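Take a look at the structure below.
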Amino acid sequence: MSSFHFNAVLLDISNQLSGEDLSSLKFLCKELIGKRQQEHIDTGRKLFQVLTERGQLGADNRQPLHDLLLRIKRQDLCDKLTHFESPAEPADPQPDDEERAKLDIATEVIAENLGKSWRKLGRKLGLTDVKLESISKRHPTELEETAVELLKEWRKNRGAEAQTEELIKALRACQFNLTADKVMSRLENLQTSG
């Protein structure tokens, strides 16, 4: 993401912060920003500028701001930060078409069967607790949507390396053998009918 585009996102986020939000963010940053300097910060833009100057924020270092926004319960602004990354970085390598089709089927089967144990699978697939918490907040009551989001995140992280076999191994490692068998069965049906 270019710094111009990143600054445009920061400006947009700044414009949507309430006074209470800004106050909470400043409170969370008091270890980084001294009291005297905090007195001069009256907009999100100024706060982001100070964080950038201190190396705590940048186009390649968005996670700290993401975490701060999550802590003040502004998921909508976290989403702006997260969703802005996707279109700006379309060159992510993807698996071939056949593997993508298999992954789509696996995602569908896992979402239908995973239920409340989605975090266990997420950890086995290497997602961080921060990422899992973010996914949980996006879909607090819809377990199927949570599982779909989890697998989307995993696929994004793995890029061209995302393989159905890896998903099946992770399911078996979590003792989700029935779900793994269902995925394999669905894939076999695809190959016999396709």
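Starting from 1 in every chain, residues are counted up; chains themselves are A, B, ... following the order of the structure tokens, and ligands are numbered from 1 as listed.
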
Residues of stretch 112-172 of chain A within 10 Å of stretch 58-78 of chain A: nearest atom pair and distance (Å, one decimal) for each, counting only C-alpha atoms, sorted by chain and number, as CSV?
```
residue,atom,partner,partner_atom,distance
A:Val130,CA,A:Asp67,CA,7.9
A:Lys131,CA,A:Asp67,CA,9.8
A:Glu133,CA,A:Leu70,CA,9.2
A:Ser134,CA,A:Leu70,CA,7.7
A:Lys137,CA,A:Gln75,CA,7.5
A:Arg138,CA,A:Gln75,CA,7.4
```

May I have the residues from that selection written out with N, CA and C atoms, as a CSV table (one decimal), in the first residue's frame?
```csv
chain,number,residue,atom,x,y,z
A,130,VAL,N,-4.8,-12.7,18.0
A,130,VAL,CA,-5.4,-11.3,17.6
A,130,VAL,C,-6.3,-11.5,16.4
A,131,LYS,N,-5.8,-12.2,15.4
A,131,LYS,CA,-6.6,-12.5,14.2
A,131,LYS,C,-7.9,-13.2,14.5
A,133,GLU,N,-9.5,-13.2,17.3
A,133,GLU,CA,-10.4,-12.3,18.1
A,133,GLU,C,-11.1,-11.4,17.1
A,134,SER,N,-10.4,-10.9,16.1
A,134,SER,CA,-10.9,-10.0,15.1
A,134,SER,C,-12.0,-10.7,14.3
A,137,LYS,N,-15.2,-11.1,16.5
A,137,LYS,CA,-15.9,-9.8,16.6
A,137,LYS,C,-16.8,-9.5,15.4
A,138,ARG,N,-16.3,-10.0,14.2
A,138,ARG,CA,-17.0,-9.7,13.0
A,138,ARG,C,-18.3,-10.5,12.9
```

Practice prompt. Mind checking which residues fall within 10 Å of A:Ala170, counting only C-alpha atoms, ignoring those fewer than 5 positions away in the same chain, and posting them as a PyMOL selection string?
Written response: chain A and resi 120-126+164-165+175-177+180

Item to complete: as a PyMOL selection string, list the residues of stretch 50-190 of chain A assigned to alpha helix (DSSP H) by DSSP on the backbone atoms of this structure.
Response: chain A and resi 50-53+63-71+75-88+97-113+118-124+129-138+143-158+164-173+177-190

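Interatomic distance, atom CA of A:Leu11 to atom CA of A:Leu25: 15.4 Å.
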
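Those residues that approach stretch 94-100 of chain A to within 12 Å, counting only C-alpha atoms, are Pro90, Ala91, Leu103, Asp104, Ile105, Ala106, Thr107, Lys152, Arg155, Lys156, Asn157, Arg158, Gly159, Ala160, Glu161, Ala162, Gln163, Thr164, Glu165, Glu166, Leu187, Leu190, Gln191 and Gly194 of chain A; same-chain residues fewer than 3 positions away are not listed.
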
Worksheet item: What does the distance from atom CA of A:Leu143 to atom CA of A:Leu127 come to in Å, to one decimal?
Response: 17.2 Å

Would you pick out the contacts of stretch 41-46 of chain A at 7 Å or less, using only C-alpha atoms, so that residues sharing its chain but fewer than 4 positions from it are not included, and give the list as a PDB file with N, CA and C atoms, in the first residue's frame?
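So the final result, stored in selection.pdb, reads:
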```
ATOM      1  N   LEU A  10      -6.018   6.688   6.908  1.00  0.00           N
ATOM      2  CA  LEU A  10      -5.873   7.258   8.259  1.00  0.00           C
ATOM      3  C   LEU A  10      -6.744   8.501   8.420  1.00  0.00           C
ATOM      4  N   LEU A  11      -6.775   9.340   7.389  1.00  0.00           N
ATOM      5  CA  LEU A  11      -7.585  10.553   7.445  1.00  0.00           C
ATOM      6  C   LEU A  11      -9.061  10.188   7.563  1.00  0.00           C
ATOM      7  N   SER A  14      -9.652   8.973  11.057  1.00  0.00           N
ATOM      8  CA  SER A  14      -9.594  10.121  11.963  1.00  0.00           C
ATOM      9  C   SER A  14     -10.918  10.892  11.955  1.00  0.00           C
ATOM     10  N   LEU A  17     -13.660   9.280  14.135  1.00  0.00           N
ATOM     11  CA  LEU A  17     -13.458   9.091  15.578  1.00  0.00           C
ATOM     12  C   LEU A  17     -14.252  10.136  16.353  1.00  0.00           C
ATOM     13  N   LEU A  22     -11.212   9.272  20.644  1.00  0.00           N
ATOM     14  CA  LEU A  22      -9.876   9.868  20.657  1.00  0.00           C
ATOM     15  C   LEU A  22      -9.302   9.849  22.071  1.00  0.00           C
ATOM     16  N   GLN A  37       2.794  16.133  25.431  1.00  0.00           N
ATOM     17  CA  GLN A  37       2.507  16.015  23.999  1.00  0.00           C
ATOM     18  C   GLN A  37       1.047  15.625  23.759  1.00  0.00           C
ATOM     19  N   VAL A  50       1.912  11.360  15.336  1.00  0.00           N
ATOM     20  CA  VAL A  50       2.877  11.102  16.408  1.00  0.00           C
ATOM     21  C   VAL A  50       3.267   9.619  16.418  1.00  0.00           C
TER      22      VAL A  50
END
```

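You will find atom CA of A:Thr192 at 23.9 Å from atom CA of A:Arg172.
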
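Comparing A:Val109, A:Leu47, A:Leu81, A:Leu32 by their smallest distance to A:His5, the closest is A:Leu81 (using only C-alpha atoms).
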
Worksheet item: When distances are computed from only C-alpha atoms, which of A:Ser117, A:Ile135, A:Glu188, A:Asp181 shows the smallest separation from A:Asp79?
Response: A:Ile135

Response to the item:
Of A:Asn15, A:Thr146, A:Thr141, A:Thr179, the one nearest to A:Arg119 when counting only C-alpha atoms is A:Thr146
